[in-house]
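To be precise, the following lines are structure.txt, and they hold compact mmCIF, C-alpha atoms and all ligand atoms.
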```txt
# COMPACT_ATOMS: atom_id res chain seq x y z
CA MET N 1 -8.42 11.43 -15.08
CA LEU N 2 -6.08 8.48 -14.45
CA THR N 3 -6.06 5.71 -17.04
CA TYR N 4 -4.21 2.47 -17.67
CA ALA N 5 -1.74 4.38 -19.87
CA ASP N 6 -0.48 6.09 -16.68
CA ILE N 7 0.28 2.67 -15.20
CA GLU N 8 2.14 1.62 -18.33
CA GLN N 9 4.27 4.77 -18.10
CA ALA N 10 4.90 4.16 -14.40
CA ALA N 11 6.04 0.62 -15.25
CA GLN N 12 8.62 2.09 -17.65
CA ARG N 13 9.89 4.53 -15.02
CA ILE N 14 10.34 2.00 -12.22
CA ARG N 15 11.85 -0.63 -14.48
CA GLY N 16 15.26 -1.72 -13.24
CA ALA N 17 14.76 0.10 -9.92
CA ALA N 18 11.84 -1.89 -8.46
CA HIS N 19 11.87 -5.67 -8.19
CA ARG N 20 9.50 -7.69 -10.30
CA THR N 21 8.25 -9.65 -7.29
CA PRO N 22 7.37 -13.35 -7.46
CA VAL N 23 3.87 -14.80 -7.68
CA LEU N 24 3.58 -17.79 -5.32
CA THR N 25 0.93 -20.47 -4.91
CA SER N 26 0.10 -22.90 -2.10
CA ARG N 27 -1.91 -26.13 -2.27
CA THR N 28 -2.82 -25.73 1.38
CA ALA N 29 -4.13 -22.20 0.83
CA ASP N 30 -6.13 -23.44 -2.17
CA ASP N 31 -7.63 -26.26 -0.08
CA ARG N 32 -8.57 -23.89 2.72
CA SER N 33 -10.21 -21.35 0.43
CA GLY N 34 -11.67 -23.73 -2.14
CA ALA N 35 -10.15 -21.45 -4.79
CA GLN N 36 -7.00 -21.17 -6.87
CA LEU N 37 -4.96 -18.40 -5.23
CA PHE N 38 -2.09 -16.43 -6.77
CA PHE N 39 -0.11 -14.41 -4.25
CA LYS N 40 1.76 -11.37 -5.59
CA CYS N 41 4.51 -11.04 -3.00
CA GLU N 42 5.27 -7.36 -2.43
CA ASN N 43 6.73 -8.32 0.94
CA PHE N 44 9.77 -9.09 -1.26
CA GLN N 45 9.71 -5.63 -2.88
CA ARG N 46 12.56 -3.19 -2.16
CA MET N 47 12.26 -1.81 1.38
CA GLY N 48 9.73 -4.56 2.04
CA ALA N 49 6.49 -3.17 0.60
CA PHE N 50 4.77 -2.06 -2.62
CA LYS N 51 5.13 1.59 -1.54
CA PHE N 52 8.48 1.74 -3.34
CA ARG N 53 6.62 1.62 -6.66
CA GLY N 54 4.55 4.75 -6.13
CA ALA N 55 7.29 6.73 -4.42
CA TYR N 56 9.87 6.01 -7.10
CA ASN N 57 7.40 6.74 -9.90
CA ALA N 58 6.39 10.08 -8.37
CA ILE N 59 9.95 11.31 -7.75
CA SER N 60 11.12 10.14 -11.18
CA ARG N 61 8.80 12.74 -12.71
CA PHE N 62 10.39 15.72 -10.90
CA THR N 63 11.69 18.61 -12.98
CA GLU N 64 15.26 19.86 -12.51
CA ASP N 65 14.03 22.55 -10.09
CA GLN N 66 12.08 20.04 -8.05
CA ARG N 67 15.10 17.72 -7.96
CA ARG N 68 17.34 20.47 -6.62
CA ALA N 69 14.98 21.30 -3.73
CA GLY N 70 14.07 17.72 -2.84
CA VAL N 71 11.01 15.80 -1.69
CA LEU N 72 9.04 15.95 1.52
CA THR N 73 6.44 13.62 3.00
CA TYR N 74 4.65 12.59 6.18
CA SER N 75 4.31 8.96 7.18
CA SER N 76 5.01 6.76 10.16
CA GLY N 77 5.17 3.68 8.02
CA ASN N 78 6.31 2.20 4.77
CA HIS N 79 5.82 5.31 2.64
CA ALA N 80 8.50 7.09 4.72
CA GLN N 81 11.06 4.44 3.85
CA ALA N 82 9.88 4.30 0.25
CA ILE N 83 10.40 8.05 -0.23
CA ALA N 84 13.77 8.06 1.55
CA LEU N 85 15.11 5.14 -0.52
CA SER N 86 13.69 6.37 -3.85
CA ALA N 87 15.08 9.86 -3.30
CA SER N 88 18.53 8.49 -2.44
CA LEU N 89 18.56 6.30 -5.54
CA LEU N 90 17.65 9.30 -7.68
CA GLY N 91 20.21 11.55 -5.97
CA ILE N 92 17.61 13.81 -4.34
CA ARG N 93 17.27 15.09 -0.76
CA SER N 94 14.31 13.88 1.28
CA ALA N 95 12.68 15.11 4.48
CA ILE N 96 10.17 12.92 6.32
CA LEU N 97 7.80 14.09 9.03
CA MET N 98 7.33 11.31 11.57
CA PRO N 99 5.31 11.29 14.80
CA HIS N 100 7.31 11.38 18.06
CA ASP N 101 5.92 7.96 18.99
CA ALA N 102 6.76 6.22 15.70
CA PRO N 103 8.58 2.90 16.24
CA GLU N 104 12.30 3.55 16.70
CA LEU N 105 13.00 0.83 14.13
CA LYS N 106 11.09 2.74 11.44
CA ILE N 107 12.80 6.03 12.29
CA GLN N 108 16.20 4.33 12.10
CA ALA N 109 15.33 2.58 8.81
CA THR N 110 14.20 5.87 7.27
CA LYS N 111 17.44 7.57 8.32
CA ALA N 112 19.48 4.63 7.05
CA TYR N 113 17.91 5.08 3.61
CA GLY N 114 19.16 8.66 3.64
CA GLY N 115 16.04 10.54 4.77
CA GLU N 116 16.12 13.56 7.09
CA VAL N 117 13.63 12.72 9.84
CA ILE N 118 11.64 15.61 11.34
CA ILE N 119 9.72 14.68 14.48
CA TYR N 120 6.31 16.19 15.34
CA ASP N 121 3.79 15.62 18.11
CA ARG N 122 0.85 13.74 16.62
CA TYR N 123 -1.46 14.74 19.46
CA LYS N 124 -0.76 18.49 19.24
CA GLU N 125 0.20 19.13 15.65
CA ASN N 126 -1.40 18.44 12.29
CA ARG N 127 1.01 16.70 9.94
CA GLU N 128 -0.66 17.99 6.80
CA GLU N 129 -0.31 21.60 7.99
CA ILE N 130 3.32 21.17 9.01
CA GLY N 131 4.02 19.32 5.79
CA GLN N 132 2.59 22.09 3.65
CA ARG N 133 4.38 24.81 5.62
CA LEU N 134 7.76 23.03 5.48
CA ALA N 135 7.35 22.22 1.80
CA GLN N 136 6.74 25.89 1.11
CA GLU N 137 9.61 27.15 3.29
CA ARG N 138 12.09 24.76 1.71
CA GLY N 139 10.66 24.72 -1.80
CA MET N 140 10.34 20.94 -1.51
CA THR N 141 7.68 18.92 -3.34
CA LEU N 142 5.21 17.13 -1.10
CA ILE N 143 4.41 13.54 -2.08
CA PRO N 144 1.65 12.25 0.23
CA PRO N 145 1.27 8.53 0.99
CA TYR N 146 -1.74 7.75 -1.23
CA ASP N 147 -3.74 10.76 -2.48
CA HIS N 148 -1.60 11.52 -5.55
CA PRO N 149 -1.99 10.39 -9.19
CA ASP N 150 1.66 9.33 -9.59
CA VAL N 151 1.54 7.32 -6.37
CA ILE N 152 -1.63 5.55 -7.54
CA SER N 153 -0.26 4.72 -10.99
CA GLY N 154 3.00 3.45 -9.46
CA GLN N 155 1.14 1.12 -7.08
CA GLY N 156 -0.93 -0.20 -10.01
CA THR N 157 2.17 -1.73 -11.57
CA ALA N 158 1.96 -4.53 -8.96
CA ALA N 159 -1.33 -5.78 -10.43
CA LYS N 160 -0.09 -5.18 -13.99
CA GLU N 161 2.77 -7.61 -13.34
CA LEU N 162 0.41 -10.12 -11.72
CA PHE N 163 -1.97 -10.21 -14.73
CA GLU N 164 0.97 -10.41 -17.13
CA GLU N 165 2.21 -13.45 -15.26
CA VAL N 166 -0.97 -15.43 -14.56
CA GLY N 167 -3.43 -14.16 -17.19
CA GLN N 168 -7.13 -13.54 -16.59
CA LEU N 169 -8.49 -13.77 -13.05
CA ASP N 170 -12.02 -13.96 -11.65
CA VAL N 171 -11.31 -12.00 -8.47
CA LEU N 172 -8.55 -9.64 -7.28
CA LEU N 173 -8.25 -9.01 -3.52
CA VAL N 174 -6.36 -5.86 -2.49
CA CYS N 175 -5.74 -4.45 0.98
CA LEU N 176 -7.11 -0.98 1.55
CA GLY N 177 -5.77 1.88 3.66
CA GLY N 178 -5.91 5.24 1.89
CA GLY N 179 -6.54 3.54 -1.45
CA GLY N 180 -3.32 4.02 -3.43
CA LEU N 181 -2.83 0.31 -3.99
CA LEU N 182 -6.52 -0.48 -4.55
CA ALA N 183 -7.10 2.35 -7.04
CA GLY N 184 -3.96 1.52 -9.04
CA CYS N 185 -4.66 -2.21 -9.10
CA ALA N 186 -8.31 -1.65 -10.08
CA LEU N 187 -7.18 0.41 -13.09
CA ALA N 188 -4.82 -2.38 -14.14
CA ALA N 189 -7.54 -5.01 -13.71
CA ALA N 190 -10.06 -3.04 -15.78
CA ALA N 191 -7.58 -2.94 -18.67
CA LEU N 192 -5.99 -6.39 -18.45
CA SER N 193 -8.78 -8.63 -17.12
CA PRO N 194 -12.03 -6.70 -17.64
CA SER N 195 -14.35 -9.35 -16.16
CA CYS N 196 -12.26 -9.65 -12.97
CA LYS N 197 -14.09 -8.52 -9.82
CA VAL N 198 -11.91 -6.17 -7.76
CA ILE N 199 -12.50 -6.33 -4.02
CA GLY N 200 -10.85 -4.11 -1.41
CA VAL N 201 -10.20 -5.57 2.05
CA GLU N 202 -10.13 -3.50 5.24
CA PRO N 203 -9.82 -4.25 8.95
CA GLU N 204 -13.23 -4.69 10.59
CA LEU N 205 -12.78 -1.67 12.84
CA GLY N 206 -11.53 0.56 10.04
CA ASN N 207 -14.24 0.09 7.42
CA ASP N 208 -14.38 3.70 6.23
CA GLY N 209 -13.76 2.57 2.64
CA GLN N 210 -16.67 0.15 2.75
CA GLN N 211 -18.93 2.89 4.14
CA SER N 212 -17.67 5.30 1.48
CA LEU N 213 -18.34 2.94 -1.43
CA ARG N 214 -21.86 2.23 -0.17
CA LYS N 215 -22.63 5.89 0.40
CA GLY N 216 -21.01 7.14 -2.81
CA GLU N 217 -18.89 9.74 -0.98
CA VAL N 218 -15.77 9.72 1.20
CA VAL N 219 -16.72 8.85 4.81
CA ARG N 220 -14.36 9.82 7.66
CA ILE N 221 -13.94 7.77 10.85
CA GLY N 222 -11.74 8.03 13.97
CA VAL N 223 -8.28 6.43 13.92
CA PRO N 224 -9.18 2.71 13.86
CA ASP N 225 -7.91 0.36 16.55
CA THR N 226 -6.34 -2.53 14.64
CA ILE N 227 -3.05 -4.40 14.34
CA ALA N 228 -3.09 -3.56 10.61
CA ASP N 229 -1.03 -0.38 11.04
CA GLY N 230 -0.79 0.23 7.27
CA ALA N 231 -4.58 0.56 7.20
CA LYS N 232 -4.94 2.83 10.26
CA VAL N 233 -6.33 5.51 8.01
CA THR N 234 -9.36 7.69 8.74
CA HIS N 235 -10.53 8.16 5.15
CA VAL N 236 -9.62 7.25 1.59
CA GLY N 237 -8.06 9.91 -0.64
CA ASP N 238 -10.02 11.98 -3.16
CA HIS N 239 -8.04 10.88 -6.23
CA ASN N 240 -8.29 7.33 -4.91
CA PHE N 241 -12.03 7.41 -4.39
CA GLU N 242 -12.62 8.68 -7.93
CA VAL N 243 -11.03 5.48 -9.28
CA ILE N 244 -12.48 3.20 -6.59
CA LYS N 245 -16.03 4.38 -7.38
CA ARG N 246 -15.56 3.50 -11.04
CA HIS N 247 -13.60 0.25 -10.86
CA VAL N 248 -14.01 -1.47 -7.48
CA ASP N 249 -16.87 -3.95 -7.10
CA ASP N 250 -16.98 -4.34 -3.34
CA ILE N 251 -15.10 -3.74 -0.10
CA VAL N 252 -15.14 -6.40 2.64
CA THR N 253 -13.62 -6.59 6.13
CA VAL N 254 -11.67 -9.08 8.24
CA SER N 255 -10.95 -9.22 11.99
CA ASP N 256 -7.57 -8.84 13.70
CA ALA N 257 -7.84 -12.50 14.81
CA GLN N 258 -8.18 -13.54 11.17
CA LEU N 259 -5.12 -11.45 10.30
CA VAL N 260 -3.08 -13.20 13.00
CA SER N 261 -4.21 -16.60 11.80
CA THR N 262 -3.12 -15.64 8.28
CA MET N 263 0.27 -14.37 9.49
CA LYS N 264 0.81 -17.77 11.12
CA PHE N 265 -0.23 -19.54 7.93
CA PHE N 266 2.29 -17.59 5.85
CA ALA N 267 5.10 -18.21 8.34
CA GLU N 268 4.42 -21.90 8.88
CA ARG N 269 3.36 -23.01 5.43
CA MET N 270 4.95 -20.57 3.00
CA LYS N 271 7.97 -19.55 5.11
CA MET N 272 7.19 -15.86 4.71
CA ILE N 273 7.04 -12.98 7.15
CA VAL N 274 4.02 -10.87 6.21
CA GLU N 275 3.01 -7.82 8.22
CA PRO N 276 -0.58 -7.68 9.56
CA THR N 277 -1.79 -5.23 6.86
CA GLY N 278 -0.22 -7.43 4.19
CA CYS N 279 -2.50 -10.30 5.28
CA LEU N 280 -5.82 -8.53 4.59
CA GLY N 281 -6.46 -10.00 1.12
CA ALA N 282 -5.42 -13.54 2.00
CA ALA N 283 -7.45 -13.44 5.23
CA ALA N 284 -10.55 -12.51 3.22
CA ALA N 285 -9.99 -15.50 0.91
CA MET N 286 -9.18 -18.03 3.63
CA HIS N 287 -11.83 -16.94 6.15
CA GLY N 288 -14.79 -16.59 3.85
CA ALA N 289 -15.08 -12.78 3.82
CA ALA N 290 -14.96 -12.65 0.02
CA PRO N 291 -16.75 -15.03 -2.37
CA VAL N 292 -13.89 -16.97 -3.97
CA GLU N 293 -15.01 -20.62 -4.14
CA GLY N 294 -14.03 -22.31 -7.41
CA LYS N 295 -12.44 -19.10 -8.74
CA ARG N 296 -9.03 -17.96 -9.94
CA VAL N 297 -8.06 -15.33 -7.40
CA GLY N 298 -5.21 -12.84 -7.32
CA ILE N 299 -4.10 -11.53 -3.93
CA ILE N 300 -1.66 -8.70 -3.35
CA ILE N 301 0.49 -9.36 -0.29
CA SER N 302 1.39 -5.74 0.35
CA GLY N 303 4.35 -5.85 2.72
CA GLY N 304 6.50 -7.67 5.24
CA ASN N 305 7.76 -4.97 7.59
CA VAL N 306 6.97 -6.04 11.11
CA ASP N 307 9.19 -5.81 14.12
CA LEU N 308 10.21 -9.40 14.95
CA SER N 309 9.33 -9.15 18.63
CA ALA N 310 5.89 -7.75 17.71
CA PHE N 311 5.52 -10.60 15.22
CA ALA N 312 6.41 -13.14 17.92
CA ARG N 313 3.91 -11.62 20.36
CA LEU N 314 1.13 -11.70 17.76
CA VAL N 315 1.61 -15.30 16.67
CA ALA N 316 2.40 -16.71 20.15
C1 LIG K 1 0.40 1.55 2.91
C2 LIG K 1 0.14 0.12 3.04
C3 LIG K 1 -1.13 -0.44 2.77
C4 LIG K 1 -2.30 0.42 2.36
O1 LIG K 1 -2.07 1.03 1.14
P1 LIG K 1 -2.93 2.28 0.64
O2 LIG K 1 -2.37 2.64 -0.66
O3 LIG K 1 -2.79 3.35 1.67
O4 LIG K 1 -4.35 1.80 0.57
C5 LIG K 1 -1.29 -1.81 2.85
N1 LIG K 1 -0.27 -2.61 3.23
C6 LIG K 1 0.96 -2.12 3.50
C7 LIG K 1 2.03 -3.07 3.90
C8 LIG K 1 1.20 -0.75 3.42
O5 LIG K 1 2.43 -0.27 3.70
```
Translate this structure into structure tokens?
Amino acid sequence: MLTYADIEQAAQRIRGAAHRTPVLTSRTADDRSGAQLFFKCENFQRMGAFKFRGAYNAISRFTEDQRRAGVLTYSSGNHAQAIALSASLLGIRSAILMPHDAPELKIQATKAYGGEVIIYDRYKENREEIGQRLAQERGMTLIPPYDHPDVISGQGTAAKELFEEVGQLDVLLVCLGGGGLLAGCALAAAALSPSCKVIGVEPELGNDGQQSLRKGEVVRIGVPDTIADGAKVTHVGDHNFEVIKRHVDDIVTVSDAQLVSTMKFFAERMKMIVEPTGCLGAAAAMHGAAPVEGKRVGIIISGGNVDLSAFARLVA
């Protein structure tokens, strides 16, 4: 079972490789939410998202044999880049399965970080099957995007740093896709600020996590239609749900329109580019989806990787 000690060890491993990202505040955001908000800015993390933490932590633990054969993963998003960059930094080969219709920008970025990109057809092939087969053929170690203990403990270091910097909080808002970030951050909160309420935030149309928490078991949905591409996940992971059940108080949802409004807020007022998924926590605080009034609230801004033309279209 994962504990806070795993997060402390992850923090040691990623030290010097990952950035200790800044915690920013905004009077305007405080006025709008009626709370005191502390933004942990993982949009300024290496490769532009918190995913570097989990990927680097997981690969750092490889044995000599695992290092020689390399790492394999499947992802169309930030985890692909996180694995490619972490592997390069550690001198290890990486292979990344990406869907044929992944944004060209993300394919190019993954290659630029040194990853070998393997394209598959997301409508005809199952990435988990191909991933397992390829990993076996090549002897590579598969590190999935969220359902892995070392990924979870790596992601939890973001909240560890936040609590170390700002002290006790009343509420922590964390965006939720497969649950790597939420599970890790909830473990850190339980150890460092035990009375803090931990709340996951999902897109309205992808509320599988909310359904799962209420039902007490992992609920699967269809691929959700939302601009929050980092949360286009059909179900939370098993390792993740184990932790979420124990340490997460509630899961709330926000609409795509609220995400866009929050993206605009960050750009105009805080001069930051935040990707739609990265806005989930802040949108919940500023649009009344989570009870924050009068409270000290931590918010993880998870990433900033959005194609600039897509960004312009969304905020226009
Ligand atoms: C992956 C990702 C998420 C969701 O994280 P999970 O660990 O899958 O819950 C949120 N925001 C961004 C920017 C991401 O890349």
Using all atoms listed in the file: which of N:Ser86, N:Thr3, N:Asn240, N:Ser255 has the shortest distance to Tyr146 in chain N
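Residue with the minimum atom-to-atom distance to Tyr146 in chain N: N:Asn240.
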Could you give me the residues within 8 Å of ligand LIG 1 (chain K), counting all atoms listed in the file, as a PyMOL selection string?
chain N and resi 43+49-51+77-79+145-146+152+155+175-183+228-231+233+236+275-278+301-305
For Val198 in chain N: contacts at 6 Å, all atoms listed in the file, fewer than 4 positions along chain excluded, given as a ChimeraX atom specification
/N:171-172,248-249
With distances taken over only C-alpha atoms, which of N:Val117, N:Leu134, N:Leu85, N:Ala55 is nearest to His100 in chain N?
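Of N:Val117, N:Leu134, N:Leu85, N:Ala55, the one nearest His100 in chain N, counting only C-alpha atoms, is N:Val117.
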Would you mind listing what lies within 9 Å of Ile143 in chain N as a PDB file with C-alpha atoms, keeping the file's coordinate frame, with only C-alpha atoms counted and same-chain residues fewer than 6 positions away left out?
```
ATOM      1  CA  ALA N  55       7.290   6.730  -4.420  1.00  0.00           C
ATOM      2  CA  ALA N  58       6.390  10.080  -8.370  1.00  0.00           C
ATOM      3  CA  ILE N  59       9.950  11.310  -7.750  1.00  0.00           C
ATOM      4  CA  VAL N  71      11.010  15.800  -1.690  1.00  0.00           C
ATOM      5  CA  LEU N  72       9.040  15.950   1.520  1.00  0.00           C
ATOM      6  CA  THR N  73       6.440  13.620   3.000  1.00  0.00           C
ATOM      7  CA  TYR N  74       4.650  12.590   6.180  1.00  0.00           C
ATOM      8  CA  ILE N  83      10.400   8.050  -0.230  1.00  0.00           C
ATOM      9  CA  VAL N 151       1.540   7.320  -6.370  1.00  0.00           C
TER      10      VAL N 151
END
```
May I ask for the distance between CA of Gly294 in chain N and CA of Ala257 in chain N, given in Å to one decimal place?
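Value for the CA of Gly294 in chain N-CA of Ala257 in chain N distance: 25.1 Å.
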Restricting the calculation to only C-alpha atoms, which member of N:Gly288, N:Gly237, N:Pro103, N:Gly154 is positioned closest to Glu8 in chain N?
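So, comparing all the options, the nearest one is N:Gly154.
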Extract, using all atoms listed in the file, all DNA, RNA and protein residues at most 10 Å from Pro194 in chain N, discarding same-chain residues fewer than 6 positions from it, and format them as a PyMOL selection string.
chain N and resi 168-170+186-188+247
Using all atoms listed in the file, which residue out of N:Ile227, N:Leu24, N:Leu37, N:Ile14 lies closest to Phe52 in chain N?
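The shortest atom-to-atom distance to Phe52 in chain N comes from N:Ile14.
Take the candidates N:Pro99, N:Arg46, N:Arg214, N:Glu202 and check each one against Glu125 in chain N using all atoms listed in the file; the shortest distance goes to N:Pro99.
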Just want the 12 Å neighbourhood of Arg15 in chain N, counted on all atoms listed in the file, with same-chain residues fewer than 2 positions away dropped. Output as a list in words.
Glu8, Gln9, Ala10, Ala11, Gln12, Arg13, Ala17, Ala18, His19, Arg20, Phe52, Arg53, Tyr56, Asn57, Ser60, Gly154, Thr157, Ala158 and Glu161 of chain N
Counting all atoms listed in the file, what is within 6 Å of Ser153 in chain N, bar same-chain residues fewer than 2 positions away, as a VMD selection string?
chain N and resid 6 to 7 150 to 151 155 to 156 184
As an exercise, work out the distance from CA of His235 in chain N to CA of Gly209 in chain N in Å and give it to one decimal place.
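Computing it gives 6.9 Å between the two atoms.
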Extract range 88-110 of chain N from the structure I just pasted (atoms: N, CA, C and O atoms) and return it as a PDB file, in the first residue's frame.
```pdb
ATOM      1  N   SER N  88      15.608  10.159 -21.696  1.00  0.00           N
ATOM      2  CA  SER N  88      16.806  10.775 -22.278  1.00  0.00           C
ATOM      3  C   SER N  88      17.748  11.269 -21.186  1.00  0.00           C
ATOM      4  O   SER N  88      18.959  11.053 -21.250  1.00  0.00           O
ATOM      5  N   LEU N  89      17.181  11.937 -20.191  1.00  0.00           N
ATOM      6  CA  LEU N  89      18.017  12.482 -19.107  1.00  0.00           C
ATOM      7  C   LEU N  89      18.735  11.374 -18.354  1.00  0.00           C
ATOM      8  O   LEU N  89      19.839  11.563 -17.850  1.00  0.00           O
ATOM      9  N   LEU N  90      18.094  10.201 -18.274  1.00  0.00           N
ATOM     10  CA  LEU N  90      18.686   9.088 -17.537  1.00  0.00           C
ATOM     11  C   LEU N  90      19.480   8.147 -18.452  1.00  0.00           C
ATOM     12  O   LEU N  90      19.933   7.088 -18.024  1.00  0.00           O
ATOM     13  N   GLY N  91      19.595   8.534 -19.727  1.00  0.00           N
ATOM     14  CA  GLY N  91      20.396   7.744 -20.667  1.00  0.00           C
ATOM     15  C   GLY N  91      19.761   6.414 -21.044  1.00  0.00           C
ATOM     16  O   GLY N  91      20.442   5.415 -21.253  1.00  0.00           O
ATOM     17  N   ILE N  92      18.428   6.407 -21.160  1.00  0.00           N
ATOM     18  CA  ILE N  92      17.678   5.177 -21.432  1.00  0.00           C
ATOM     19  C   ILE N  92      16.855   5.362 -22.701  1.00  0.00           C
ATOM     20  O   ILE N  92      16.383   6.466 -22.980  1.00  0.00           O
ATOM     21  N   ARG N  93      16.669   4.278 -23.467  1.00  0.00           N
ATOM     22  CA  ARG N  93      15.842   4.349 -24.670  1.00  0.00           C
ATOM     23  C   ARG N  93      14.369   4.388 -24.288  1.00  0.00           C
ATOM     24  O   ARG N  93      13.951   3.749 -23.330  1.00  0.00           O
ATOM     25  N   SER N  94      13.565   5.107 -25.098  1.00  0.00           N
ATOM     26  CA  SER N  94      12.126   5.102 -24.847  1.00  0.00           C
ATOM     27  C   SER N  94      11.362   4.895 -26.144  1.00  0.00           C
ATOM     28  O   SER N  94      11.782   5.364 -27.201  1.00  0.00           O
ATOM     29  N   ALA N  95      10.251   4.148 -26.043  1.00  0.00           N
ATOM     30  CA  ALA N  95       9.348   3.967 -27.177  1.00  0.00           C
ATOM     31  C   ALA N  95       7.954   4.380 -26.723  1.00  0.00           C
ATOM     32  O   ALA N  95       7.509   4.001 -25.634  1.00  0.00           O
ATOM     33  N   ILE N  96       7.285   5.203 -27.538  1.00  0.00           N
ATOM     34  CA  ILE N  96       5.986   5.732 -27.148  1.00  0.00           C
ATOM     35  C   ILE N  96       4.953   5.433 -28.225  1.00  0.00           C
ATOM     36  O   ILE N  96       5.106   5.815 -29.378  1.00  0.00           O
ATOM     37  N   LEU N  97       3.907   4.721 -27.812  1.00  0.00           N
ATOM     38  CA  LEU N  97       2.795   4.422 -28.712  1.00  0.00           C
ATOM     39  C   LEU N  97       1.862   5.617 -28.748  1.00  0.00           C
ATOM     40  O   LEU N  97       1.325   6.016 -27.715  1.00  0.00           O
ATOM     41  N   MET N  98       1.678   6.177 -29.956  1.00  0.00           N
ATOM     42  CA  MET N  98       0.773   7.331 -30.064  1.00  0.00           C
ATOM     43  C   MET N  98      -0.265   7.062 -31.147  1.00  0.00           C
ATOM     44  O   MET N  98       0.041   6.440 -32.160  1.00  0.00           O
ATOM     45  N   PRO N  99      -1.498   7.528 -30.953  1.00  0.00           N
ATOM     46  CA  PRO N  99      -2.539   7.309 -31.958  1.00  0.00           C
ATOM     47  C   PRO N  99      -2.231   8.073 -33.245  1.00  0.00           C
ATOM     48  O   PRO N  99      -1.602   9.134 -33.195  1.00  0.00           O
ATOM     49  N   HIS N 100      -2.683   7.519 -34.394  1.00  0.00           N
ATOM     50  CA  HIS N 100      -2.370   8.124 -35.697  1.00  0.00           C
ATOM     51  C   HIS N 100      -2.892   9.554 -35.789  1.00  0.00           C
ATOM     52  O   HIS N 100      -2.365  10.360 -36.529  1.00  0.00           O
ATOM     53  N   ASP N 101      -3.936   9.876 -35.017  1.00  0.00           N
ATOM     54  CA  ASP N 101      -4.505  11.224 -35.105  1.00  0.00           C
ATOM     55  C   ASP N 101      -4.070  12.132 -33.946  1.00  0.00           C
ATOM     56  O   ASP N 101      -4.719  13.138 -33.665  1.00  0.00           O
ATOM     57  N   ALA N 102      -2.967  11.769 -33.290  1.00  0.00           N
ATOM     58  CA  ALA N 102      -2.438  12.654 -32.236  1.00  0.00           C
ATOM     59  C   ALA N 102      -1.969  13.952 -32.891  1.00  0.00           C
ATOM     60  O   ALA N 102      -1.532  13.948 -34.047  1.00  0.00           O
ATOM     61  N   PRO N 103      -2.053  15.084 -32.173  1.00  0.00           N
ATOM     62  CA  PRO N 103      -1.587  16.350 -32.755  1.00  0.00           C
ATOM     63  C   PRO N 103      -0.120  16.242 -33.184  1.00  0.00           C
ATOM     64  O   PRO N 103       0.711  15.749 -32.422  1.00  0.00           O
ATOM     65  N   GLU N 104       0.156  16.706 -34.399  1.00  0.00           N
ATOM     66  CA  GLU N 104       1.498  16.643 -34.957  1.00  0.00           C
ATOM     67  C   GLU N 104       2.517  17.283 -34.001  1.00  0.00           C
ATOM     68  O   GLU N 104       3.628  16.791 -33.804  1.00  0.00           O
ATOM     69  N   LEU N 105       2.087  18.364 -33.362  1.00  0.00           N
ATOM     70  CA  LEU N 105       2.957  19.082 -32.430  1.00  0.00           C
ATOM     71  C   LEU N 105       3.443  18.156 -31.313  1.00  0.00           C
ATOM     72  O   LEU N 105       4.605  18.182 -30.909  1.00  0.00           O
ATOM     73  N   LYS N 106       2.525  17.327 -30.799  1.00  0.00           N
ATOM     74  CA  LYS N 106       2.874  16.447 -29.677  1.00  0.00           C
ATOM     75  C   LYS N 106       3.785  15.312 -30.147  1.00  0.00           C
ATOM     76  O   LYS N 106       4.689  14.897 -29.416  1.00  0.00           O
ATOM     77  N   ILE N 107       3.537  14.832 -31.367  1.00  0.00           N
ATOM     78  CA  ILE N 107       4.404  13.780 -31.923  1.00  0.00           C
ATOM     79  C   ILE N 107       5.815  14.347 -32.096  1.00  0.00           C
ATOM     80  O   ILE N 107       6.806  13.729 -31.701  1.00  0.00           O
ATOM     81  N   GLN N 108       5.888  15.554 -32.660  1.00  0.00           N
ATOM     82  CA  GLN N 108       7.196  16.183 -32.887  1.00  0.00           C
ATOM     83  C   GLN N 108       7.921  16.441 -31.557  1.00  0.00           C
ATOM     84  O   GLN N 108       9.114  16.215 -31.432  1.00  0.00           O
ATOM     85  N   ALA N 109       7.166  16.929 -30.557  1.00  0.00           N
ATOM     86  CA  ALA N 109       7.785  17.227 -29.258  1.00  0.00           C
ATOM     87  C   ALA N 109       8.338  15.945 -28.635  1.00  0.00           C
ATOM     88  O   ALA N 109       9.439  15.932 -28.080  1.00  0.00           O
ATOM     89  N   THR N 110       7.576  14.858 -28.753  1.00  0.00           N
ATOM     90  CA  THR N 110       8.012  13.589 -28.162  1.00  0.00           C
ATOM     91  C   THR N 110       9.288  13.102 -28.843  1.00  0.00           C
ATOM     92  O   THR N 110      10.233  12.640 -28.189  1.00  0.00           O
TER      93      THR N 110
END
```
